[in-house]
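Enquirer: So here's query-v2.cif, just mmCIF, C-alpha atoms:
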data_protein
loop_
_atom_site.group_PDB
_atom_site.id
_atom_site.type_symbol
_atom_site.label_atom_id
_atom_site.label_comp_id
_atom_site.auth_asym_id
_atom_site.auth_seq_id
_atom_site.Cartn_x
_atom_site.Cartn_y
_atom_site.Cartn_z
ATOM 1 C CA MET A 298 -105.265 -173.888 -90.267
ATOM 2 C CA THR A 299 -103.451 -174.935 -87.126
ATOM 3 C CA ILE A 300 -100.882 -177.695 -87.655
ATOM 4 C CA LYS A 301 -101.072 -180.476 -85.088
ATOM 5 C CA GLN A 302 -97.577 -181.896 -84.572
ATOM 6 C CA GLY A 303 -97.362 -185.645 -84.137
ATOM 7 C CA ARG A 304 -99.514 -188.555 -85.290
ATOM 8 C CA TYR A 305 -103.288 -188.452 -85.075
ATOM 9 C CA THR A 306 -106.286 -190.432 -86.176
ATOM 10 C CA ALA A 307 -109.950 -189.606 -86.692
ATOM 11 C CA ASN A 308 -112.647 -191.232 -84.621
ATOM 12 C CA TYR A 309 -116.215 -191.217 -85.809
ATOM 13 C CA PRO A 310 -118.616 -193.520 -83.942
ATOM 14 C CA ASP A 311 -121.337 -193.991 -86.563
ATOM 15 C CA ASP A 312 -121.798 -195.218 -90.115
ATOM 16 C CA PHE A 313 -121.210 -192.480 -92.692
ATOM 17 C CA ILE A 314 -121.107 -191.832 -96.425
ATOM 18 C CA VAL A 315 -118.091 -190.800 -98.502
ATOM 19 C CA VAL A 316 -118.867 -188.953 -101.720
ATOM 20 C CA LEU A 317 -116.331 -188.123 -104.406
ATOM 21 C CA ILE A 318 -117.973 -185.571 -106.671
ATOM 22 C CA GLY A 319 -116.432 -183.365 -109.290
ATOM 23 C CA PHE A 320 -116.040 -182.162 -112.814
ATOM 24 C CA ARG A 321 -113.563 -182.122 -115.670
ATOM 25 C CA ILE A 322 -112.994 -179.199 -118.021
ATOM 26 C CA ASN A 323 -112.848 -181.000 -121.359
ATOM 27 C CA LYS A 324 -112.586 -177.811 -123.447
ATOM 28 C CA VAL A 325 -110.672 -175.097 -121.589
ATOM 29 C CA ALA A 326 -111.782 -172.342 -123.986
ATOM 30 C CA LYS A 327 -115.458 -172.957 -123.075
ATOM 31 C CA VAL A 328 -115.243 -170.828 -119.903
ATOM 32 C CA ARG A 329 -118.939 -169.942 -120.099
ATOM 33 C CA GLU A 330 -119.730 -173.630 -119.705
ATOM 34 C CA TRP A 331 -117.278 -174.741 -117.006
ATOM 35 C CA LEU A 332 -117.186 -171.615 -114.823
ATOM 36 C CA PRO A 333 -120.886 -171.992 -113.850
ATOM 37 C CA VAL A 334 -120.177 -175.615 -112.884
ATOM 38 C CA MET A 335 -117.312 -174.488 -110.636
ATOM 39 C CA ARG A 336 -119.445 -171.774 -109.047
ATOM 40 C CA ALA A 337 -122.375 -174.142 -108.533
ATOM 41 C CA ALA A 338 -120.130 -176.762 -106.892
ATOM 42 C CA LYS A 339 -118.833 -174.163 -104.435
ATOM 43 C CA SER A 340 -122.321 -172.824 -103.704
ATOM 44 C CA MET A 341 -123.895 -176.281 -103.264
ATOM 45 C CA THR A 342 -121.156 -177.326 -100.842
ATOM 46 C CA LYS A 343 -121.341 -174.113 -98.838
ATOM 47 C CA ASN A 344 -125.126 -174.383 -98.530
ATOM 48 C CA ALA A 345 -125.055 -178.081 -97.613
ATOM 49 C CA LEU A 346 -122.503 -177.391 -94.851
ATOM 50 C CA GLN A 347 -124.883 -174.820 -93.355
ATOM 51 C CA LEU A 348 -127.994 -177.027 -93.251
ATOM 52 C CA PRO A 349 -129.598 -177.692 -89.858
ATOM 53 C CA GLY A 350 -128.453 -180.961 -88.326
ATOM 54 C CA LYS A 351 -125.277 -180.809 -90.427
ATOM 55 C CA PRO A 352 -125.980 -183.698 -92.844
ATOM 56 C CA LEU A 353 -122.771 -182.808 -94.744
ATOM 57 C CA LEU A 354 -120.085 -183.325 -92.120
ATOM 58 C CA ASN A 355 -117.116 -182.075 -94.138
ATOM 59 C CA SER A 356 -115.977 -181.310 -97.665
ATOM 60 C CA GLU A 357 -112.459 -180.894 -99.055
ATOM 61 C CA THR A 358 -111.775 -179.645 -102.587
ATOM 62 C CA VAL A 359 -109.054 -181.412 -104.569
ATOM 63 C CA TRP A 360 -107.268 -180.369 -107.756
ATOM 64 C CA SER A 361 -105.904 -183.364 -109.648
ATOM 65 C CA LEU A 362 -102.179 -183.357 -110.349
ATOM 66 C CA ASP A 363 -102.614 -186.194 -112.869
ATOM 67 C CA ASP A 364 -105.137 -184.200 -114.895
ATOM 68 C CA PRO A 365 -105.176 -180.474 -114.020
ATOM 69 C CA ARG A 366 -108.590 -180.117 -115.675
ATOM 70 C CA VAL A 367 -110.178 -182.245 -112.934
ATOM 71 C CA PHE A 368 -111.534 -180.755 -109.702
ATOM 72 C CA PHE A 369 -113.473 -182.711 -107.114
ATOM 73 C CA MET A 370 -114.644 -182.754 -103.542
ATOM 74 C CA VAL A 371 -114.205 -185.475 -100.958
ATOM 75 C CA GLN A 372 -117.286 -185.231 -98.790
ATOM 76 C CA HIS A 373 -118.403 -187.003 -95.634
ATOM 77 C CA TRP A 374 -122.167 -187.214 -95.128
ATOM 78 C CA ARG A 375 -123.944 -188.306 -91.967
ATOM 79 C CA SER A 376 -126.113 -190.838 -93.863
ATOM 80 C CA PHE A 377 -127.175 -191.993 -97.308
ATOM 81 C CA GLU A 378 -130.690 -190.796 -96.542
ATOM 82 C CA ASP A 379 -129.353 -187.283 -95.786
ATOM 83 C CA LEU A 380 -127.451 -187.263 -99.074
ATOM 84 C CA ILE A 381 -130.477 -188.371 -101.109
ATOM 85 C CA THR A 382 -132.791 -185.916 -99.320
ATOM 86 C CA TRP A 383 -130.378 -183.054 -100.083
ATOM 87 C CA ALA A 384 -129.880 -184.125 -103.716
ATOM 88 C CA ASN A 385 -133.628 -184.307 -104.393
ATOM 89 C CA ASP A 386 -134.749 -181.183 -102.512
ATOM 90 C CA LYS A 387 -135.936 -178.730 -105.196
ATOM 91 C CA SER A 388 -135.601 -175.799 -102.784
ATOM 92 C CA LEU A 389 -131.832 -176.349 -102.424
ATOM 93 C CA ASP A 390 -129.056 -175.707 -104.964
ATOM 94 C CA HIS A 391 -128.452 -179.205 -106.333
ATOM 95 C CA LYS A 392 -131.594 -179.773 -108.421
ATOM 96 C CA PRO A 393 -131.540 -176.345 -110.141
ATOM 97 C CA ALA A 394 -127.778 -176.625 -110.755
ATOM 98 C CA MET A 395 -128.171 -180.064 -112.376
ATOM 99 C CA LYS A 396 -131.016 -178.815 -114.571
ATOM 100 C CA ALA A 397 -128.936 -175.796 -115.662
ATOM 101 C CA PHE A 398 -125.909 -178.014 -116.371
ATOM 102 C CA PHE A 399 -127.818 -180.377 -118.645
ATOM 103 C CA LYS A 400 -129.523 -177.477 -120.427
ATOM 104 C CA ARG A 401 -126.253 -175.571 -120.966
ATOM 105 C CA THR A 402 -123.625 -178.246 -121.557
ATOM 106 C CA GLY A 403 -124.754 -181.654 -120.382
ATOM 107 C CA TYR A 404 -124.650 -183.375 -123.750
ATOM 108 C CA ASN A 405 -122.018 -181.501 -125.784
ATOM 109 C CA GLY A 406 -118.917 -182.953 -124.090
ATOM 110 C CA ASN A 407 -117.327 -179.625 -123.101
ATOM 111 C CA VAL A 408 -117.583 -180.293 -119.361
ATOM 112 C CA GLY A 409 -117.861 -183.625 -117.599
ATOM 113 C CA ILE A 410 -119.333 -184.293 -114.158
ATOM 114 C CA TRP A 411 -119.106 -187.423 -112.002
ATOM 115 C CA HIS A 412 -119.649 -188.809 -108.538
ATOM 116 C CA GLU A 413 -118.991 -191.945 -106.533
ATOM 117 C CA VAL A 414 -120.748 -192.814 -103.263
ATOM 118 C CA TYR A 415 -119.440 -195.223 -100.609
ATOM 119 C CA LYS A 416 -121.222 -196.422 -97.477
ATOM 120 C CA VAL A 417 -118.783 -196.884 -94.575
ATOM 121 C CA SER A 418 -119.733 -198.876 -91.488
ATOM 122 C CA ALA A 419 -118.703 -197.610 -88.067
ATOM 123 C CA GLY A 420 -115.145 -198.659 -87.239
ATOM 124 C CA GLN A 421 -114.410 -199.741 -90.822
ATOM 125 C CA PHE A 422 -112.078 -196.946 -91.838
ATOM 126 C CA GLU A 423 -108.608 -195.779 -90.994
ATOM 127 C CA ALA A 424 -107.337 -192.226 -91.002
ATOM 128 C CA ILE A 425 -103.781 -191.146 -90.168
ATOM 129 C CA TYR A 426 -102.570 -187.568 -90.016
ATOM 130 C CA ALA A 427 -98.946 -186.626 -89.269
ATOM 131 C CA ASN A 428 -98.163 -182.957 -88.743
ATOM 132 C CA MET A 429 -101.416 -181.941 -90.422
ATOM 133 C CA PRO A 430 -104.233 -179.546 -89.642
ATOM 134 C CA ARG A 431 -107.584 -181.042 -88.696
ATOM 135 C CA MET A 432 -109.148 -181.956 -92.050
ATOM 136 C CA SER A 433 -111.238 -184.540 -93.888
ATOM 137 C CA MET A 434 -112.599 -187.215 -91.509
ATOM 138 C CA ALA A 435 -110.768 -185.591 -88.581
ATOM 139 C CA ALA A 436 -112.795 -182.423 -89.213
ATOM 140 C CA ALA A 437 -116.004 -184.479 -89.285
ATOM 141 C CA GLY A 438 -115.213 -186.462 -86.146
ATOM 142 C CA GLU A 439 -112.817 -186.482 -83.223
ATOM 143 C CA TYR A 440 -109.069 -185.818 -83.758
ATOM 144 C CA VAL A 441 -107.187 -188.222 -81.470
ATOM 145 C CA SER A 442 -103.459 -188.576 -80.794
ATOM 146 C CA LEU A 443 -101.888 -191.936 -81.695
ATOM 147 C CA ARG A 444 -99.290 -193.686 -79.607
ATOM 148 C CA GLU A 445 -96.072 -194.810 -81.286
ATOM 149 C CA SER A 446 -97.041 -198.503 -81.191
ATOM 150 C CA SER A 447 -100.461 -197.987 -82.763
ATOM 151 C CA LYS A 448 -101.233 -200.481 -85.532
ATOM 152 C CA ALA A 449 -103.733 -200.305 -88.397
ATOM 153 C CA THR A 450 -105.264 -203.651 -87.399
ATOM 154 C CA GLU A 451 -106.050 -202.256 -83.931
ATOM 155 C CA ARG A 452 -107.608 -199.095 -85.349
ATOM 156 C CA MET A 453 -109.752 -201.063 -87.808
ATOM 157 C CA GLY A 454 -111.127 -203.268 -85.042
ATOM 158 C CA ASP A 455 -109.439 -206.552 -86.039
ATOM 159 C CA PRO A 456 -110.041 -208.840 -83.028
ATOM 160 C CA LYS A 457 -106.932 -210.939 -83.911
ATOM 161 C CA ALA A 458 -104.709 -207.885 -83.451
ATOM 162 C CA ARG A 459 -105.456 -207.562 -79.735
#
Take the structure in the file and write it out as structure tokens.

Expert:
Amino acid sequence: MTIKQGRYTANYPDDFIVVLIGFRINKVAKVREWLPVMRAAKSMTKNALQLPGKPLLNSETVWSLDDPRVFFMVQHWRSFEDLITWANDKSLDHKPAMKAFFKRTGYNGNVGIWHEVYKVSAGQFEAIYANMPRMSMAAAGEYVSLRESSKATERMGDPKAR
């Protein structure tokens, strides 16, 4: 990844969806239960990123420092409708992976899964990157240099800040 020196922000002109989705290895010794979850998460993300029209704009995988048994993705989707269509499409990876999870381990407590979904209105987010590669929302949208006097209230569209 190429490091962009200086301060940058991400511009994205439309509403979008942020999804936090991941899993927790509750019993480390149960590799046969958590390894398929890890593989499925990688496969589902890869496939969603390759869909026509690019409904999944970007996905970053995170390993929790607070609990090293937690892995999750921060994803940016074009719309809630795109997310729901993907999640319910039986020909894609998500439905079969969920069915396999609940059959294999869904109710025994050895592996946990979770997600949170947030709808973000256009102009109602802030993203700052200093000496970073293009990632997260900057990878989904436009990566724009910030001037030294740039203020969060200006970037968030606060009319009183102008």

Enquirer: Using only C-alpha atoms, can you tell me which of A:Met335, A:Met370, A:Val316, A:Met432 comes closest to A:Phe398?

Expert: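 Going through A:Met335, A:Met370, A:Val316, A:Met432 one by one, the smallest distance to A:Phe398 is for A:Met335.
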
Enquirer: Which residues come within 8 Å of stretch 346-352 of chain A, counting all atoms listed in the file, excluding same-chain residues fewer than 6 positions away, as a list in words?

Expert: Trp374, Arg375, Ser376, Asp379 and Leu380 of chain A

Enquirer: Only C-alpha atoms, please: the residues just picked out, written as a short mmCIF file (atom, residue, chain, number, x, y, z; two decimals), in the frame of the given file.

Expert:
data_model
loop_
_atom_site.label_atom_id
_atom_site.label_comp_id
_atom_site.auth_asym_id
_atom_site.auth_seq_id
_atom_site.Cartn_x
_atom_site.Cartn_y
_atom_site.Cartn_z
CA TRP A 374 -122.17 -187.21 -95.13
CA ARG A 375 -123.94 -188.31 -91.97
CA SER A 376 -126.11 -190.84 -93.86
CA ASP A 379 -129.35 -187.28 -95.79
CA LEU A 380 -127.45 -187.26 -99.07
#

Enquirer: Would you compute the distance between atom CA of A:Tyr440 and atom CA of A:Ala307? Give it in Å to one decimal.

Expert: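 Atom-to-atom, atom CA of A:Tyr440 and atom CA of A:Ala307 are spaced 4.9 Å apart.
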
Enquirer: Name the residues that the PyMOL selection byres ((chain A and resi 337) around 10) picks from the file above, as a ChimeraX atom specification, using the file's chain letters and numbers.

Expert: /A:331-336,338-343,390-391,393-395,397-398

Enquirer: Pick out the closest residue to A:Glu357 from this set: A:Phe422, A:Phe377, A:Tyr404, A:Phe369. Count all atoms listed in the file.

Expert: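 Closest to A:Glu357 of all the choices is A:Phe369.
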
Enquirer: Restricting the calculation to all atoms listed in the file, which member of A:Asp312, A:Glu439, A:Glu423, A:Glu330 is positioned closest to A:His373?

Expert: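 Closest to A:His373, using all atoms listed in the file: A:Asp312.
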
Enquirer: For a quick check of understanding, using only C-alpha atoms, which of A:Ile300, A:Ala384, A:Met434, A:Ala449 has the smallest distance to A:Val417?

Expert: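 Comparing A:Ile300, A:Ala384, A:Met434, A:Ala449 against A:Val417, the winner is A:Met434.
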
Enquirer: Missing atoms in stretch 362-378 of chain A: can you complete it with N, CA, C and O atoms, as a short mmCIF file (atom, residue, chain, number, x, y, z; two decimals), in the coordinates of the input?

Expert:
data_model
loop_
_atom_site.label_atom_id
_atom_site.label_comp_id
_atom_site.auth_asym_id
_atom_site.auth_seq_id
_atom_site.Cartn_x
_atom_site.Cartn_y
_atom_site.Cartn_z
N LEU A 362 -103.50 -183.57 -109.76
CA LEU A 362 -102.18 -183.36 -110.35
C LEU A 362 -101.99 -184.21 -111.61
O LEU A 362 -101.22 -183.85 -112.49
N ASP A 363 -102.70 -185.33 -111.69
CA ASP A 363 -102.61 -186.19 -112.87
C ASP A 363 -103.31 -185.58 -114.07
O ASP A 363 -102.87 -185.76 -115.21
N ASP A 364 -104.40 -184.88 -113.83
CA ASP A 364 -105.14 -184.20 -114.90
C ASP A 364 -105.60 -182.85 -114.34
O ASP A 364 -106.61 -182.79 -113.65
N PRO A 365 -104.85 -181.77 -114.62
CA PRO A 365 -105.18 -180.47 -114.02
C PRO A 365 -106.51 -179.88 -114.45
O PRO A 365 -106.89 -178.81 -113.98
N ARG A 366 -107.25 -180.58 -115.31
CA ARG A 366 -108.59 -180.12 -115.68
C ARG A 366 -109.67 -180.77 -114.81
O ARG A 366 -110.85 -180.55 -115.03
N VAL A 367 -109.24 -181.55 -113.82
CA VAL A 367 -110.18 -182.24 -112.93
C VAL A 367 -110.15 -181.61 -111.54
O VAL A 367 -109.08 -181.43 -110.95
N PHE A 368 -111.34 -181.26 -111.06
CA PHE A 368 -111.53 -180.76 -109.70
C PHE A 368 -112.61 -181.62 -109.06
O PHE A 368 -113.58 -181.98 -109.72
N PHE A 369 -112.43 -181.95 -107.78
CA PHE A 369 -113.47 -182.71 -107.11
C PHE A 369 -113.45 -182.46 -105.62
O PHE A 369 -112.50 -181.91 -105.07
N MET A 370 -114.52 -182.87 -104.98
CA MET A 370 -114.64 -182.75 -103.54
C MET A 370 -114.70 -184.16 -102.94
O MET A 370 -115.27 -185.06 -103.52
N VAL A 371 -114.06 -184.29 -101.80
CA VAL A 371 -114.20 -185.48 -100.96
C VAL A 371 -115.12 -185.04 -99.83
O VAL A 371 -114.77 -184.14 -99.06
N GLN A 372 -116.29 -185.64 -99.77
CA GLN A 372 -117.29 -185.23 -98.79
C GLN A 372 -117.64 -186.39 -97.87
O GLN A 372 -117.67 -187.55 -98.29
N HIS A 373 -117.93 -186.04 -96.62
CA HIS A 373 -118.40 -187.00 -95.63
C HIS A 373 -119.80 -186.57 -95.21
O HIS A 373 -119.99 -185.46 -94.71
N TRP A 374 -120.77 -187.46 -95.46
CA TRP A 374 -122.17 -187.21 -95.13
C TRP A 374 -122.57 -188.09 -93.95
O TRP A 374 -122.10 -189.22 -93.82
N ARG A 375 -123.47 -187.58 -93.15
CA ARG A 375 -123.94 -188.31 -91.97
C ARG A 375 -124.63 -189.63 -92.36
O ARG A 375 -124.45 -190.64 -91.69
N SER A 376 -125.41 -189.62 -93.44
CA SER A 376 -126.11 -190.84 -93.86
C SER A 376 -126.46 -190.76 -95.35
O SER A 376 -126.51 -189.68 -95.93
N PHE A 377 -126.74 -191.93 -95.92
CA PHE A 377 -127.18 -191.99 -97.31
C PHE A 377 -128.52 -191.29 -97.47
O PHE A 377 -128.75 -190.59 -98.46
N GLU A 378 -129.38 -191.45 -96.49
CA GLU A 378 -130.69 -190.80 -96.54
C GLU A 378 -130.54 -189.27 -96.57
O GLU A 378 -131.25 -188.59 -97.31
#
